[in-house]
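Visitor: Handing you this structure, nothing more for now.
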Amino acid sequence: MQAADVVVVGAGPAGVATAITLARAGRNVLVVDRATFPRDKCCGDGLTAAALRELEHLGFDPEPLATWQVVDDVVVRSPSGREVTFPLPRDRGTYAAVVRRVELDAALVELARRAGATVADGYAFNAIDIARDRVIVDVDGIGDVAARYVVAADGMWSPVRKAIGAIESGYLGEWHAFRQYFDGVRGRGAHQLAVWFEPDLLPGYAWSFPLPDGRANVGFGIQRGGKVATQEMKDLWPDLLARDFVREFLGPDAAPESPHKAWPIPARIETATLVGGDGRVLLVGDAAAATDPMTGEGIGQALLTGRLAAEAIIASGPTGAGPTYERAARRELEADAAMSRLLIRALRHRKGARAAVRVAGASAWTRRNFARWLFEDYPRAIVATPGRWREHSLRGDGAFVAAGRG
């Protein structure tokens, strides 16, 4: 039987953040994932300031990534058709970026390997046995692995969560998203990031996220139980693409590069199971339903929960990491999720969405700070949680300042 201090199931951003943090602290870490990297992952591909700072903390270097695109301006369209451009700070680092997940995740896996973690991609988790002083994980092609902790970073449908009996039958997530890659994108769509609040999508939205060489990730997300049913998304897609403002933004030569894809998004950190298996199984990322309820953004939350799980294990030794991690994760995410849910109420109706865009675009100051708030430069509910003010500055630089990227 093999042994490790920690077995991480899932090599996406949450699992890699866990593995890198643990490996750099001298822990013996095994990461397993049934997929072989590089592999595609359904996603909008956008990175917020929070995600970028977590990546920088891990020592991630975006320079070699061919699809890395820094974003400086965010265009938001109101349900009335009014457009407002929200600028992000210049020359102070990176506050928003776009990169294809197939490239980002593969680069993170390699970073984990360089940090000293053992990454076994192409090896699936099979089963788990919780013993008194350890966890036994059965991995396809490897066999049994004994560890003190298991970190479940294996997504919304988490096989680990199911194996420990913490799965909720029939759960389909709070959001459902739909995206397609386009090439031949010209004009504004080649460099600006757009968010479109269409009346028939509220409280959901459509987007166009720029990528290098005239490409873009274009899609839309809806809240389950809203105006659009998930089974209607495929039929709505051609109509959405044909709307004049979308065609104008992407340019006359824009054309699909690959088939569209859809995926569910879990966003209920307040009620999700974060710890199981007698405290020896810690759930992170989508397995912990950590996504932002308002936007469906999850990469920053995945990286954060992965890091917090690792730090709890490092601080707690052989036992006790579960409660430490759960307290930290809920402290960092629950208040922001609650604030997002309040804001969703306003975005359910076109009047509320129109008012929100109007107020956000009222002055140069509101435009600058709305862009930073939207892209998680600071937590959603920071005003209501003064205990976090020392940790999250309202005037902080973006990520990668030292590298001269801004």
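How things are named: the first chain in the structure tokens is A, the next is B, and so on; residues count from 1 in each chain; ligands count from 1 in the order shown.
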Restrict the calculation to only C-alpha atoms, then for each residue of region 207-305 of chain A with any atom at most 7 Å from an atom of region 33-46 of chain A give the closest atom pair and their distance in Å to one decimal, rows by chain and rising residue number, as JSON lines.

Guide:
```
{"residue": "A:Phe209", "atom": "CA", "partner": "A:Gly46", "partner_atom": "CA", "distance": 7.0}
{"residue": "A:Asn217", "atom": "CA", "partner": "A:Gly44", "partner_atom": "CA", "distance": 6.4}
{"residue": "A:Lys261", "atom": "CA", "partner": "A:Cys42", "partner_atom": "CA", "distance": 6.7}
{"residue": "A:Ala262", "atom": "CA", "partner": "A:Cys42", "partner_atom": "CA", "distance": 6.9}
{"residue": "A:Trp263", "atom": "CA", "partner": "A:Cys42", "partner_atom": "CA", "distance": 6.5}
```

Visitor: Run DSSP on the backbone and grab whatever in region 23-248 of chain A lands in alpha helix (DSSP H); send it over as a ChimeraX atom specification.

Guide: /A:23-24,49-57,101-115,159-163,233-242,244-248

Visitor: Taking only C-alpha atoms into account, name the residue in A:Ala153, A:Val9, A:Ile269, A:Val281 that is nearest to Arg331 (chain A).

Guide: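 Checking each candidate against Arg331 (chain A), we get A:Ile269 as the closest.
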
Visitor: Find, counting only C-alpha atoms, the residue in A:Ala51, A:Ala4, A:Ala11, A:Val31 that gets nearest to Arg134 (chain A).

Guide: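 Among the listed residues, A:Ala4 lies closest to Arg134 (chain A).
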
Visitor: Sorted by chain and rising residue number, which residues of region 261-371 of chain A lie within 9 Å of region 168-175 of chain A, and what are their closest atom pairs and distances in Å to one decimal, counting only C-alpha atoms, as CSV?

Guide:
```
residue,atom,partner,partner_atom,distance
A:Trp263,CA,A:Trp175,CA,8.6
A:Pro264,CA,A:Gly173,CA,5.7
A:Ile265,CA,A:Trp175,CA,4.8
A:Pro266,CA,A:Gly173,CA,4.2
A:Ala267,CA,A:Glu174,CA,5.7
A:Arg268,CA,A:Glu174,CA,7.6
A:Ala289,CA,A:Gly173,CA,8.4
A:Pro293,CA,A:Glu174,CA,7.6
A:Gly296,CA,A:Trp175,CA,6.7
```

Visitor: Keeping C-alpha atoms, export the residues of the selection given above as a PDB file, in the first residue's frame.

Guide:
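Result saved to selection32.pdb:
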```pdb
ATOM      1  CA  TRP A 263     -22.430  23.122 -17.864  1.00  0.00           C
ATOM      2  CA  PRO A 264     -24.086  23.486 -14.429  1.00  0.00           C
ATOM      3  CA  ILE A 265     -22.629  25.714 -11.702  1.00  0.00           C
ATOM      4  CA  PRO A 266     -23.047  25.123  -7.946  1.00  0.00           C
ATOM      5  CA  ALA A 267     -23.309  28.275  -5.800  1.00  0.00           C
ATOM      6  CA  ARG A 268     -24.482  27.621  -2.246  1.00  0.00           C
ATOM      7  CA  ALA A 289     -20.352  24.842  -4.126  1.00  0.00           C
ATOM      8  CA  PRO A 293     -24.068  33.269  -6.563  1.00  0.00           C
ATOM      9  CA  GLY A 296     -21.247  32.297 -11.466  1.00  0.00           C
TER      10      GLY A 296
END
```

Visitor: Can you work out which one of A:Leu211, A:Ala356, A:Val185, A:Ala381 has the shortest atom-to-atom distance to Ala335 (chain A), counting only C-alpha atoms?

Guide: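 Using only C-alpha atoms, Ala335 (chain A) sits closest to A:Ala381.
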
Visitor: Would you list the contacts of region 17-22 of chain A as a PDB file with N, CA and C atoms, in the first residue's frame, taking every protein, DNA or RNA residue within 8 Å and counting only C-alpha atoms, but skipping same-chain residues closer than 5 positions in sequence?

Guide:
```pdb
ATOM      1  N   VAL A   8      -5.154  14.446  -2.890  1.00  0.00           N
ATOM      2  CA  VAL A   8      -6.051  15.439  -3.475  1.00  0.00           C
ATOM      3  C   VAL A   8      -6.715  14.799  -4.683  1.00  0.00           C
ATOM      4  N   ARG A  27       4.951  18.752   2.678  1.00  0.00           N
ATOM      5  CA  ARG A  27       4.056  17.613   2.797  1.00  0.00           C
ATOM      6  C   ARG A  27       4.143  16.727   1.553  1.00  0.00           C
ATOM      7  N   ASN A  28       3.950  15.426   1.775  1.00  0.00           N
ATOM      8  CA  ASN A  28       3.927  14.449   0.688  1.00  0.00           C
ATOM      9  C   ASN A  28       2.502  14.427   0.115  1.00  0.00           C
ATOM     10  N   VAL A  29       2.337  14.930  -1.106  1.00  0.00           N
ATOM     11  CA  VAL A  29       1.010  15.111  -1.690  1.00  0.00           C
ATOM     12  C   VAL A  29       0.875  14.295  -2.968  1.00  0.00           C
ATOM     13  N   LEU A  30      -0.228  13.554  -3.063  1.00  0.00           N
ATOM     14  CA  LEU A  30      -0.576  12.848  -4.289  1.00  0.00           C
ATOM     15  C   LEU A  30      -1.860  13.460  -4.843  1.00  0.00           C
ATOM     16  N   VAL A  31      -1.810  13.921  -6.094  1.00  0.00           N
ATOM     17  CA  VAL A  31      -2.986  14.457  -6.776  1.00  0.00           C
ATOM     18  C   VAL A  31      -3.405  13.453  -7.838  1.00  0.00           C
ATOM     19  N   LEU A  58       0.598  31.669  -5.688  1.00  0.00           N
ATOM     20  CA  LEU A  58       1.114  30.324  -5.976  1.00  0.00           C
ATOM     21  C   LEU A  58       2.411  30.345  -6.770  1.00  0.00           C
ATOM     22  N   LEU A 111       2.919  23.363 -12.654  1.00  0.00           N
ATOM     23  CA  LEU A 111       3.423  24.118 -11.511  1.00  0.00           C
ATOM     24  C   LEU A 111       3.373  23.270 -10.247  1.00  0.00           C
ATOM     25  N   ALA A 112       2.310  22.487 -10.092  1.00  0.00           N
ATOM     26  CA  ALA A 112       2.211  21.594  -8.935  1.00  0.00           C
ATOM     27  C   ALA A 112       3.326  20.555  -8.952  1.00  0.00           C
ATOM     28  N   ALA A 115       6.477  22.096  -7.889  1.00  0.00           N
ATOM     29  CA  ALA A 115       6.487  22.388  -6.451  1.00  0.00           C
ATOM     30  C   ALA A 115       6.794  21.147  -5.611  1.00  0.00           C
ATOM     31  N   GLY A 116       6.709  19.962  -6.231  1.00  0.00           N
ATOM     32  CA  GLY A 116       7.034  18.736  -5.513  1.00  0.00           C
ATOM     33  C   GLY A 116       5.873  17.791  -5.292  1.00  0.00           C
ATOM     34  N   ALA A 117       4.682  18.165  -5.757  1.00  0.00           N
ATOM     35  CA  ALA A 117       3.541  17.260  -5.636  1.00  0.00           C
ATOM     36  C   ALA A 117       3.620  16.174  -6.703  1.00  0.00           C
ATOM     37  N   VAL A 151      -8.474  15.686   0.196  1.00  0.00           N
ATOM     38  CA  VAL A 151      -9.099  16.934  -0.232  1.00  0.00           C
ATOM     39  C   VAL A 151      -9.875  16.644  -1.509  1.00  0.00           C
ATOM     40  N   LEU A 303      -9.486  28.523  -6.083  1.00  0.00           N
ATOM     41  CA  LEU A 303      -8.103  28.715  -5.637  1.00  0.00           C
ATOM     42  C   LEU A 303      -8.048  29.054  -4.156  1.00  0.00           C
ATOM     43  N   LEU A 304      -8.958  29.913  -3.708  1.00  0.00           N
ATOM     44  CA  LEU A 304      -8.986  30.320  -2.305  1.00  0.00           C
ATOM     45  C   LEU A 304      -9.290  29.143  -1.388  1.00  0.00           C
ATOM     46  N   GLY A 306      -8.967  25.985  -1.947  1.00  0.00           N
ATOM     47  CA  GLY A 306      -7.861  25.038  -1.987  1.00  0.00           C
ATOM     48  C   GLY A 306      -6.717  25.464  -1.090  1.00  0.00           C
ATOM     49  N   ARG A 307      -6.382  26.742  -1.158  1.00  0.00           N
ATOM     50  CA  ARG A 307      -5.300  27.258  -0.295  1.00  0.00           C
ATOM     51  C   ARG A 307      -5.683  27.177   1.175  1.00  0.00           C
ATOM     52  N   LEU A 308      -6.928  27.543   1.499  1.00  0.00           N
ATOM     53  CA  LEU A 308      -7.363  27.500   2.895  1.00  0.00           C
ATOM     54  C   LEU A 308      -7.348  26.074   3.452  1.00  0.00           C
ATOM     55  N   ALA A 309      -7.737  25.099   2.634  1.00  0.00           N
ATOM     56  CA  ALA A 309      -7.693  23.705   3.073  1.00  0.00           C
ATOM     57  C   ALA A 309      -6.264  23.279   3.382  1.00  0.00           C
ATOM     58  N   ALA A 310      -5.351  23.656   2.501  1.00  0.00           N
ATOM     59  CA  ALA A 310      -3.951  23.300   2.723  1.00  0.00           C
ATOM     60  C   ALA A 310      -3.401  23.971   3.979  1.00  0.00           C
ATOM     61  N   GLU A 311      -3.710  25.236   4.162  1.00  0.00           N
ATOM     62  CA  GLU A 311      -3.214  25.943   5.339  1.00  0.00           C
ATOM     63  C   GLU A 311      -3.773  25.353   6.626  1.00  0.00           C
ATOM     64  N   ILE A 314      -1.785  22.183   7.305  1.00  0.00           N
ATOM     65  CA  ILE A 314      -0.442  22.520   7.785  1.00  0.00           C
ATOM     66  C   ILE A 314      -0.478  22.969   9.235  1.00  0.00           C
TER      67      ILE A 314
END
```

Visitor: When distances are computed from only C-alpha atoms, which of A:Gly226, A:Gly15, A:Gly122, A:Gly221 shows the smallest separation from Arg345 (chain A)?

Guide: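 Closest candidate: A:Gly226.
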
Visitor: At a cut-off of 9 Å, using only C-alpha atoms, what residues contact Gly204 (chain A)? Leave out same-chain residues fewer than 2 positions from it and give the result as a ChimeraX atom specification.

Guide: /A:175,197-198,200-202,206,220-223,226,294-295,347-348

Visitor: Have a look at CA of Glu257 (chain A) and CA of Asp121 (chain A) and let me know their distance in Å, one decimal.

Guide: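 Computed distance, CA of Glu257 (chain A) to CA of Asp121 (chain A), equals 27.5 Å.
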
Visitor: Might you pull out every residue within 7 Å of Ala371 (chain A), with only C-alpha atoms counted and same-chain residues fewer than 6 positions away left off, and present them as a ChimeraX atom specification?

Guide: /A:86-88

Visitor: Tell me which protein, DNA and RNA residues are within 10 Å of Ser80 (chain A), counting only C-alpha atoms, leaving out same-chain ones fewer than 3 positions away, and put them as a list in words.

Guide: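 Listing them by chain and then by number gives Arg77, Glu83, Phe197, Glu198, Pro199, Arg350, Lys351, Ala353, Arg354 and Val357 of chain A.
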
Visitor: Would you mind exporting the chosen residues as an mmCIF file, in the first residue's frame, restricted to N, CA and C atoms?

Guide:
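Written output follows (selection_8.cif):
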```cif
data_model
loop_
_atom_site.group_PDB
_atom_site.id
_atom_site.type_symbol
_atom_site.label_atom_id
_atom_site.label_comp_id
_atom_site.auth_asym_id
_atom_site.auth_seq_id
_atom_site.Cartn_x
_atom_site.Cartn_y
_atom_site.Cartn_z
ATOM 1 N N ARG A 77 -23.997 46.415 -20.682
ATOM 2 C CA ARG A 77 -25.196 46.867 -21.376
ATOM 3 C C ARG A 77 -26.412 46.633 -20.490
ATOM 4 N N GLU A 83 -25.295 51.474 -22.821
ATOM 5 C CA GLU A 83 -23.981 50.889 -22.570
ATOM 6 C C GLU A 83 -23.132 51.838 -21.732
ATOM 7 N N PHE A 197 -26.884 42.533 -19.959
ATOM 8 C CA PHE A 197 -28.061 42.178 -19.172
ATOM 9 C C PHE A 197 -29.294 42.296 -20.069
ATOM 10 N N GLU A 198 -29.653 41.194 -20.712
ATOM 11 C CA GLU A 198 -30.806 41.170 -21.590
ATOM 12 C C GLU A 198 -32.080 40.885 -20.795
ATOM 13 N N PRO A 199 -33.191 41.569 -21.110
ATOM 14 C CA PRO A 199 -34.419 41.389 -20.327
ATOM 15 C C PRO A 199 -34.876 39.942 -20.214
ATOM 16 N N ARG A 350 -36.046 44.048 -14.981
ATOM 17 C CA ARG A 350 -35.325 44.991 -15.837
ATOM 18 C C ARG A 350 -35.166 46.356 -15.178
ATOM 19 N N LYS A 351 -36.164 46.804 -14.374
ATOM 20 C CA LYS A 351 -36.033 48.093 -13.706
ATOM 21 C C LYS A 351 -34.863 48.093 -12.734
ATOM 22 N N ALA A 353 -32.182 46.103 -12.847
ATOM 23 C CA ALA A 353 -30.925 46.023 -13.592
ATOM 24 C C ALA A 353 -30.587 47.363 -14.240
ATOM 25 N N ARG A 354 -31.619 48.042 -14.791
ATOM 26 C CA ARG A 354 -31.371 49.357 -15.385
ATOM 27 C C ARG A 354 -30.876 50.342 -14.337
ATOM 28 N N VAL A 357 -27.149 49.650 -13.354
ATOM 29 C CA VAL A 357 -26.185 50.130 -14.349
ATOM 30 C C VAL A 357 -26.125 51.653 -14.339
#
```

Visitor: Could the residues of region 20-68 of chain A that have an atom at most 10 Å from region 92-97 of chain A be listed as a tab-separated table, each with its closest atom pair and the distance in Å to one decimal, counting only C-alpha atoms and ordered by chain and ascending residue number?

Guide:
```
residue	atom	partner	partner_atom	distance
A:Asp45	CA	A:Ala97	CA	8.5
A:Gly46	CA	A:Ala97	CA	6.0
A:Leu47	CA	A:Ala97	CA	5.1
A:Thr48	CA	A:Ala96	CA	5.0
A:Ala49	CA	A:Tyr95	CA	4.5
A:Ala50	CA	A:Tyr95	CA	8.3
A:Ala51	CA	A:Ala96	CA	8.8
A:Leu52	CA	A:Tyr95	CA	7.3
A:Arg53	CA	A:Tyr95	CA	8.8
A:Trp68	CA	A:Ala97	CA	7.1
```

Visitor: Counting only C-alpha atoms, which of A:Pro64, A:Pro89, A:Gly26, A:Gly251 gets nearest to Ala399 (chain A)?

Guide: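 For Ala399 (chain A), the nearest of the given residues is A:Pro89.
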